[in-house]
There are 2 protein chains.
Amino acid sequence: MALAEAILVCLTDRPMSGYDLAKTFDASIGFFWRASHQQVYRELARLREKGLVDSREIEQSGRPNRIIHTITNSGEDVVHAWSLKPCRMPSVKDELLVKLYALDTVDISVLREQLDIRLDQHRAKLSAYHRIKEKFYDGQNLTRAGKGKLIALTMGISNEGEMVKTLGTAITMLGEIDE
Amino acid sequence: MALAEAILVCLTDRPMSGYDLAKTFDASIGFFWRASHQQVYRELARLREKGLVDSREIEQSGRPNRIIHTITNSGEDVVHAWSLKPCRMPSVKDELLVKLYALDTVDISVLREQLDIRLDQHRAKLSAYHRIKEKFYDGQNLTRAGKGKLIALTMGISNEGEMVKTLGTAITMLGEIDE
DNA sequence: TTCTATTATGCAATTATGTGCATATGGTTT
DNA sequence: AAACCATATGCACATAATTGCATAATAGAA
């Protein structure tokens, strides 16, 4: 259960509402650990129960009240303990690769379209990462936190770039079959 | 639920026991879709219930009887329908990247060790993939199924190679902090 | 001789994730 | 005026994955 830790990590930076967190998980930290808003709210309820966050409701007029969550001391202890534990390998689960693996049971032109779609998705991610890097992490006086995010982003960029290249190769190889 | 489809795809090739399938998921198809033996046995029970596989017990002396599972016609229909559906993007969930993202809450030397471990894991995968490619897919007269597996393997190799490179960069960048 | 690995199957409990739905309001677009 | 988007929260149901346990025989190593 590292969603808990990912949320706590976000709250280390600053106290946030569930809505803020959900948006963060749609962007920044979501590049490395994806979660929906429902998941975030459910996990926040658990963290509150365990006393790892402190939640206070803020009155608002016009729109629903916000609930601001602040990390507690025991929350920080949990983050620290987690940081020392070894990391798991992310588990691979890619339907596209399974379809390539099972090439004699699938239609090549359909699969080709699916590869094209995937290629576009990786291109989109790549340019999004580039924009973020230029906007926030190209200055030279970065904090330690900023440097860490830059390293993660750099890995993301080279990952996506590589995916774009490999998918191109795969599409070419697929095109050379049955022609 | 694409574990069902991954199992059916394996059974398209040849009928297999749960044990055989579990081993296949520890290697070959497991490179693209990971599953434990418990998961495989449970899913096989479901597939049997739905009539997508046909299961017959084979008597053995000395050791437990094997149950051989064969894909049925409706099982093949399910695989075909699945092959036409668009593929999902694999969901990113990587603790190591979250730790980099949260660099000011983690100890750099501990994180460095974790990066080293990850680097070794990717190197191991890379050389395993290379061995398999040389052994099974370097000949020129491949079947269509073989060509598909070669494309998937090629993508795996370039993925792992890229991870090895990027982790090297990340370790260097991490080393340049606080020195 | 004890311990471990391999073959072969699976249940039970827990934890995690995904999908659909529900509510409430103010501002902007058509 | 109606439709839609952003803000803000969350429940309920369903599916999937992890972890620990359980059984049972044989072969080979320590």
# chains A, B, ... in the order shown; residues from 1 in each chain; ligands from 1

call {"tool": "calpha_fit_and_write", "arguments": {"fixed": "chain B", "moving": "chain A", "output": "compact mmCIF listing (two decimals) with C-alpha atoms, in the first residue's frame"}}
result
# COMPACT_ATOMS: atom_id res chain seq x y z
CA MET A 1 -9.36 -8.74 -16.36
CA ALA A 2 -6.76 -9.57 -18.95
CA LEU A 3 -5.24 -12.41 -16.93
CA ALA A 4 -8.06 -14.53 -18.34
CA GLU A 5 -7.05 -13.55 -21.86
CA ALA A 6 -3.36 -14.08 -21.19
CA ILE A 7 -4.11 -17.62 -20.00
CA LEU A 8 -6.38 -18.31 -22.97
CA VAL A 9 -3.65 -17.04 -25.30
CA CYS A 10 -1.21 -19.54 -23.78
CA LEU A 11 -3.72 -22.35 -24.21
CA THR A 12 -4.18 -21.38 -27.87
CA ASP A 13 -0.67 -22.64 -28.41
CA ARG A 14 -1.23 -25.99 -26.67
CA PRO A 15 -3.28 -27.51 -23.83
CA MET A 16 -1.54 -27.09 -20.48
CA SER A 17 -1.84 -27.87 -16.80
CA GLY A 18 -2.04 -25.14 -14.17
CA TYR A 19 1.52 -25.97 -13.23
CA ASP A 20 2.72 -25.51 -16.82
CA LEU A 21 0.87 -22.21 -17.03
CA ALA A 22 2.32 -21.02 -13.74
CA LYS A 23 5.80 -21.72 -15.09
CA THR A 24 4.98 -19.91 -18.32
CA PHE A 25 3.92 -16.93 -16.22
CA ASP A 26 7.24 -17.08 -14.41
CA ALA A 27 9.03 -16.74 -17.73
CA SER A 28 7.97 -16.05 -21.34
CA ILE A 29 4.52 -14.44 -21.12
CA GLY A 30 5.36 -13.36 -17.58
CA PHE A 31 7.75 -10.80 -19.07
CA PHE A 32 4.70 -8.92 -20.32
CA TRP A 33 2.00 -9.94 -17.86
CA ARG A 34 3.03 -11.13 -14.40
CA ALA A 35 0.92 -13.55 -12.33
CA SER A 36 1.51 -15.93 -9.41
CA HIS A 37 0.55 -19.59 -9.44
CA GLN A 38 -2.33 -18.93 -7.02
CA GLN A 39 -3.72 -16.36 -9.39
CA VAL A 40 -3.43 -18.76 -12.31
CA TYR A 41 -5.26 -21.59 -10.53
CA ARG A 42 -8.04 -19.26 -9.37
CA GLU A 43 -8.49 -17.85 -12.86
CA LEU A 44 -8.53 -21.35 -14.37
CA ALA A 45 -11.41 -22.25 -12.06
CA ARG A 46 -13.33 -19.22 -13.34
CA LEU A 47 -12.56 -20.02 -16.97
CA ARG A 48 -13.80 -23.58 -16.43
CA GLU A 49 -17.02 -22.28 -14.84
CA LYS A 50 -17.65 -20.04 -17.82
CA GLY A 51 -16.93 -22.86 -20.25
CA LEU A 52 -13.96 -21.12 -21.83
CA VAL A 53 -11.65 -24.04 -21.09
CA ASP A 54 -12.21 -27.78 -20.93
CA SER A 55 -10.38 -29.47 -18.05
CA ARG A 56 -9.51 -33.16 -17.90
CA GLU A 57 -7.65 -34.94 -15.13
CA ILE A 58 -4.72 -37.13 -16.17
CA GLU A 59 -3.81 -40.05 -13.90
CA GLN A 60 -0.24 -40.08 -12.65
CA SER A 61 1.48 -42.47 -10.31
CA GLY A 62 3.72 -41.19 -7.56
CA ARG A 63 2.84 -37.54 -7.94
CA PRO A 64 -0.44 -35.57 -7.93
CA ASN A 65 -2.62 -35.96 -11.00
CA ARG A 66 -2.35 -33.25 -13.60
CA ILE A 67 -5.37 -31.35 -14.87
CA ILE A 68 -4.96 -30.46 -18.51
CA HIS A 69 -6.86 -27.41 -19.71
CA THR A 70 -7.87 -27.03 -23.34
CA ILE A 71 -9.35 -23.86 -24.83
CA THR A 72 -12.93 -24.24 -26.11
CA ASN A 73 -14.60 -22.55 -29.07
CA SER A 74 -16.17 -19.92 -26.86
CA GLY A 75 -12.75 -19.41 -25.29
CA GLU A 76 -11.38 -18.67 -28.74
CA ASP A 77 -14.26 -16.25 -29.33
CA VAL A 78 -13.32 -14.40 -26.14
CA VAL A 79 -9.70 -14.11 -27.31
CA HIS A 80 -10.82 -12.81 -30.67
CA ALA A 81 -13.14 -10.19 -29.15
CA TRP A 82 -10.35 -9.09 -26.80
CA SER A 83 -7.87 -8.77 -29.68
CA LEU A 84 -10.15 -6.15 -31.31
CA LYS A 85 -10.59 -4.04 -28.20
CA PRO A 86 -8.24 -1.07 -27.65
CA CYS A 87 -5.38 -1.62 -25.22
CA ARG A 88 -5.07 0.20 -21.94
CA MET A 89 -1.97 2.11 -21.05
CA PRO A 90 -0.14 0.13 -18.39
CA SER A 91 -0.56 1.98 -15.11
CA VAL A 92 2.63 3.45 -13.71
CA LYS A 93 3.35 2.67 -10.08
CA ASP A 94 6.99 2.97 -9.18
CA GLU A 95 8.04 3.56 -5.57
CA LEU A 96 11.56 4.43 -6.64
CA LEU A 97 10.35 7.37 -8.70
CA VAL A 98 8.10 8.48 -5.83
CA LYS A 99 11.16 8.50 -3.57
CA LEU A 100 13.08 10.61 -6.08
CA TYR A 101 10.05 12.89 -6.30
CA ALA A 102 10.17 13.24 -2.52
CA LEU A 103 13.94 13.65 -2.31
CA ASP A 104 13.95 16.04 0.65
CA THR A 105 12.23 13.47 2.87
CA VAL A 106 14.62 10.59 2.09
CA ASP A 107 18.25 9.85 2.89
CA ILE A 108 20.37 10.15 -0.26
CA SER A 109 22.80 7.31 0.52
CA VAL A 110 19.89 4.92 1.24
CA LEU A 111 18.18 5.93 -1.99
CA ARG A 112 21.43 5.47 -3.86
CA GLU A 113 21.60 1.86 -2.68
CA GLN A 114 18.04 1.35 -3.79
CA LEU A 115 18.90 2.72 -7.22
CA ASP A 116 21.87 0.34 -7.39
CA ILE A 117 19.64 -2.62 -6.59
CA ARG A 118 17.17 -1.58 -9.26
CA LEU A 119 20.02 -1.20 -11.74
CA ASP A 120 21.13 -4.76 -11.06
CA GLN A 121 17.58 -6.05 -11.51
CA HIS A 122 17.30 -4.40 -14.92
CA ARG A 123 20.75 -5.65 -15.95
CA ALA A 124 19.68 -9.18 -15.00
CA LYS A 125 16.48 -8.88 -17.02
CA LEU A 126 18.37 -7.49 -19.98
CA SER A 127 20.82 -10.36 -20.13
CA ALA A 128 18.03 -12.91 -19.61
CA TYR A 129 16.18 -11.42 -22.60
CA HIS A 130 19.34 -11.47 -24.68
CA ARG A 131 19.93 -15.14 -23.90
CA ILE A 132 16.37 -16.01 -24.88
CA LYS A 133 16.59 -14.03 -28.08
CA GLU A 134 19.81 -15.74 -29.14
CA LYS A 135 18.53 -19.16 -28.24
CA PHE A 136 15.07 -19.07 -29.79
CA TYR A 137 14.57 -16.11 -32.06
CA ASP A 138 17.78 -15.54 -33.97
CA GLY A 139 17.02 -17.98 -36.75
CA GLN A 140 15.52 -16.53 -39.94
CA ASN A 141 12.67 -18.94 -40.59
CA LEU A 142 10.29 -17.88 -37.85
CA THR A 143 6.56 -18.54 -37.88
CA ARG A 144 4.18 -15.60 -37.54
CA ALA A 145 3.80 -16.45 -33.84
CA GLY A 146 7.58 -16.48 -33.50
CA LYS A 147 7.88 -13.10 -35.21
CA GLY A 148 5.36 -11.60 -32.78
CA LYS A 149 7.27 -12.92 -29.80
CA LEU A 150 10.47 -11.54 -31.32
CA ILE A 151 8.91 -8.07 -31.62
CA ALA A 152 7.74 -8.18 -28.00
CA LEU A 153 11.16 -9.39 -26.89
CA THR A 154 12.89 -6.67 -28.89
CA MET A 155 10.77 -4.08 -27.13
CA GLY A 156 11.61 -5.66 -23.79
CA ILE A 157 15.33 -5.56 -24.58
CA SER A 158 15.32 -1.94 -25.60
CA ASN A 159 13.21 -1.06 -22.56
CA GLU A 160 15.59 -2.72 -20.16
CA GLY A 161 18.62 -1.31 -21.92
CA GLU A 162 17.18 2.15 -21.62
CA MET A 163 16.40 1.62 -17.91
CA VAL A 164 20.02 0.63 -17.30
CA LYS A 165 21.21 3.79 -19.03
CA THR A 166 18.74 6.10 -17.26
CA LEU A 167 19.44 4.64 -13.84
CA GLY A 168 23.13 5.33 -14.45
CA THR A 169 22.27 8.94 -15.23
CA ALA A 170 20.04 9.17 -12.16
CA ILE A 171 22.78 7.83 -9.90
CA THR A 172 25.23 10.35 -11.33
CA MET A 173 22.77 13.22 -10.86
CA LEU A 174 22.09 12.08 -7.31
CA GLY A 175 25.82 11.98 -6.61
CA GLU A 176 26.16 15.62 -7.64
CA ILE A 177 23.86 16.74 -4.82
CA ASP A 178 25.40 17.82 -1.48
CA GLU A 179 29.01 17.07 -2.23

call {"tool": "interface_residues", "arguments": {"of": "chain D", "to": "chain B", "cutoff": "9 Å", "atoms": "only C-alpha atoms (C1' of nucleotides)", "output": "tab-separated table (two decimals) with all heavy atoms, in the first residue's frame"}}
result
chain	number	residue	atom	x	y	z
D	15	DT	P	-17.75	-8.23	-11.32
D	15	DT	OP1	-18.18	-8.29	-12.73
D	15	DT	OP2	-18.07	-9.30	-10.35
D	15	DT	O5'	-16.16	-8.03	-11.32
D	15	DT	C5'	-15.60	-6.93	-12.02
D	15	DT	C4'	-14.16	-6.77	-11.61
D	15	DT	O4'	-14.05	-6.39	-10.22
D	15	DT	C3'	-13.33	-8.04	-11.77
D	15	DT	O3'	-12.30	-7.71	-12.69
D	15	DT	C2'	-12.83	-8.35	-10.36
D	15	DT	C1'	-12.88	-6.98	-9.71
D	15	DT	N1	-12.96	-6.91	-8.22
D	15	DT	C2	-12.02	-6.17	-7.54
D	15	DT	O2	-11.09	-5.59	-8.09
D	15	DT	N3	-12.18	-6.12	-6.17
D	15	DT	C4	-13.19	-6.72	-5.44
D	15	DT	O4	-13.22	-6.58	-4.22
D	15	DT	C5	-14.15	-7.48	-6.21
D	15	DT	C7	-15.28	-8.16	-5.51
D	15	DT	C6	-13.99	-7.54	-7.54
D	16	DA	P	-11.24	-8.79	-13.19
D	16	DA	OP1	-11.04	-8.52	-14.63
D	16	DA	OP2	-11.66	-10.13	-12.74
D	16	DA	O5'	-9.90	-8.40	-12.43
D	16	DA	C5'	-9.61	-7.08	-12.07
D	16	DA	C4'	-8.41	-7.06	-11.15
D	16	DA	O4'	-8.84	-7.07	-9.76
D	16	DA	C3'	-7.44	-8.23	-11.31
D	16	DA	O3'	-6.18	-7.62	-11.48
D	16	DA	C2'	-7.59	-9.03	-10.00
D	16	DA	C1'	-8.01	-7.94	-9.01
D	16	DA	N9	-8.80	-8.32	-7.84
D	16	DA	C8	-9.98	-9.00	-7.81
D	16	DA	N7	-10.49	-9.15	-6.59
D	16	DA	C5	-9.57	-8.50	-5.79
D	16	DA	C6	-9.51	-8.28	-4.39
D	16	DA	N6	-10.45	-8.70	-3.54
D	16	DA	N1	-8.45	-7.60	-3.91
D	16	DA	C2	-7.51	-7.17	-4.76
D	16	DA	N3	-7.45	-7.31	-6.09
D	16	DA	C4	-8.53	-7.99	-6.54
D	17	DA	P	-4.83	-8.47	-11.69
D	17	DA	OP1	-3.94	-7.71	-12.57
D	17	DA	OP2	-5.21	-9.86	-12.03
D	17	DA	O5'	-4.23	-8.44	-10.22
D	17	DA	C5'	-3.99	-7.19	-9.57
D	17	DA	C4'	-3.32	-7.43	-8.24
D	17	DA	O4'	-4.30	-7.84	-7.27
D	17	DA	C3'	-2.24	-8.51	-8.25
D	17	DA	O3'	-1.06	-7.91	-7.73
D	17	DA	C2'	-2.80	-9.65	-7.39
D	17	DA	C1'	-3.81	-8.92	-6.51
D	17	DA	N9	-5.00	-9.68	-6.12
D	17	DA	C8	-5.86	-10.37	-6.92
D	17	DA	N7	-6.87	-10.92	-6.28
D	17	DA	C5	-6.65	-10.55	-4.96
D	17	DA	C6	-7.37	-10.81	-3.79
D	17	DA	N6	-8.50	-11.52	-3.74
D	17	DA	N1	-6.88	-10.30	-2.64
D	17	DA	C2	-5.75	-9.57	-2.68
D	17	DA	N3	-5.00	-9.27	-3.72
D	17	DA	C4	-5.51	-9.79	-4.85
D	24	DA	P	-2.29	-35.11	3.10
D	24	DA	OP1	-3.55	-35.88	3.21
D	24	DA	OP2	-1.39	-34.97	4.26
D	24	DA	O5'	-1.42	-35.72	1.91
D	24	DA	C5'	-1.78	-35.51	0.54
D	24	DA	C4'	-0.61	-35.95	-0.33
D	24	DA	O4'	0.06	-34.78	-0.88
D	24	DA	C3'	0.46	-36.71	0.46
D	24	DA	O3'	0.88	-37.82	-0.29
D	24	DA	C2'	1.57	-35.70	0.61
D	24	DA	C1'	1.44	-34.94	-0.70
D	24	DA	N9	2.09	-33.62	-0.71
D	24	DA	C8	2.28	-32.75	0.34
D	24	DA	N7	2.92	-31.66	0.02
D	24	DA	C5	3.17	-31.81	-1.35
D	24	DA	C6	3.83	-30.98	-2.29
D	24	DA	N6	4.36	-29.81	-2.00
D	24	DA	N1	3.91	-31.45	-3.54
D	24	DA	C2	3.37	-32.62	-3.84
D	24	DA	N3	2.73	-33.48	-3.05
D	24	DA	C4	2.67	-33.00	-1.80
D	25	DA	P	1.50	-39.13	0.39
D	25	DA	OP1	0.49	-40.19	0.39
D	25	DA	OP2	2.16	-38.72	1.66
D	25	DA	O5'	2.64	-39.52	-0.64
D	25	DA	C5'	2.29	-39.80	-2.00
D	25	DA	C4'	3.46	-39.41	-2.88
D	25	DA	O4'	3.68	-38.00	-2.78
D	25	DA	C3'	4.78	-40.08	-2.47
D	25	DA	O3'	5.21	-40.95	-3.51
D	25	DA	C2'	5.76	-38.94	-2.29
D	25	DA	C1'	5.06	-37.74	-2.90
D	25	DA	N9	5.35	-36.49	-2.20
D	25	DA	C8	5.06	-36.16	-0.90
D	25	DA	N7	5.45	-34.96	-0.55
D	25	DA	C5	6.04	-34.46	-1.71
D	25	DA	C6	6.66	-33.24	-2.01
D	25	DA	N6	6.79	-32.23	-1.12
D	25	DA	N1	7.13	-33.06	-3.25
D	25	DA	C2	7.01	-34.05	-4.14
D	25	DA	N3	6.44	-35.25	-3.98
D	25	DA	C4	5.98	-35.39	-2.73
D	26	DT	P	6.41	-41.98	-3.26
D	26	DT	OP1	5.94	-43.25	-3.81
D	26	DT	OP2	6.86	-41.87	-1.84
D	26	DT	O5'	7.60	-41.41	-4.16
D	26	DT	C5'	7.35	-40.88	-5.46
D	26	DT	C4'	8.54	-40.01	-5.85
D	26	DT	O4'	8.48	-38.76	-5.14
D	26	DT	C3'	9.90	-40.63	-5.50
D	26	DT	O3'	10.69	-40.69	-6.68
D	26	DT	C2'	10.50	-39.68	-4.47
D	26	DT	C1'	9.79	-38.37	-4.75
D	26	DT	N1	9.68	-37.41	-3.61
D	26	DT	C2	10.13	-36.12	-3.79
D	26	DT	O2	10.60	-35.72	-4.81
D	26	DT	N3	10.00	-35.32	-2.68
D	26	DT	C4	9.46	-35.67	-1.46
D	26	DT	O4	9.39	-34.85	-0.54
D	26	DT	C5	9.02	-37.04	-1.34
D	26	DT	C7	8.44	-37.52	-0.06
D	26	DT	C6	9.15	-37.83	-2.41

call {"tool": "atom_distance", "arguments": {"atom1": "atom C1' of DA8 of chain D", "atom2": "atom C1' of DT17 of chain C"}}
result
22.4 Å

call {"tool": "interface_residues", "arguments": {"of": "chain C", "to": "chain A", "cutoff": "9 Å", "atoms": "only C-alpha atoms (C1' of nucleotides)", "output": "VMD selection string"}}
result
chain C and resid 15 to 18 24 to 26

call {"tool": "select_by_dssp", "arguments": {"residues": "segment 36-169 of chain B", "states": "strand (DSSP E or B)", "output": "list in words"}}
result
Val53, Asp54, Ser55, Arg56, Glu57, Ile58, Arg66, Ile67, Ile68, His69, Thr70, Ile71 and Lys93 of chain B
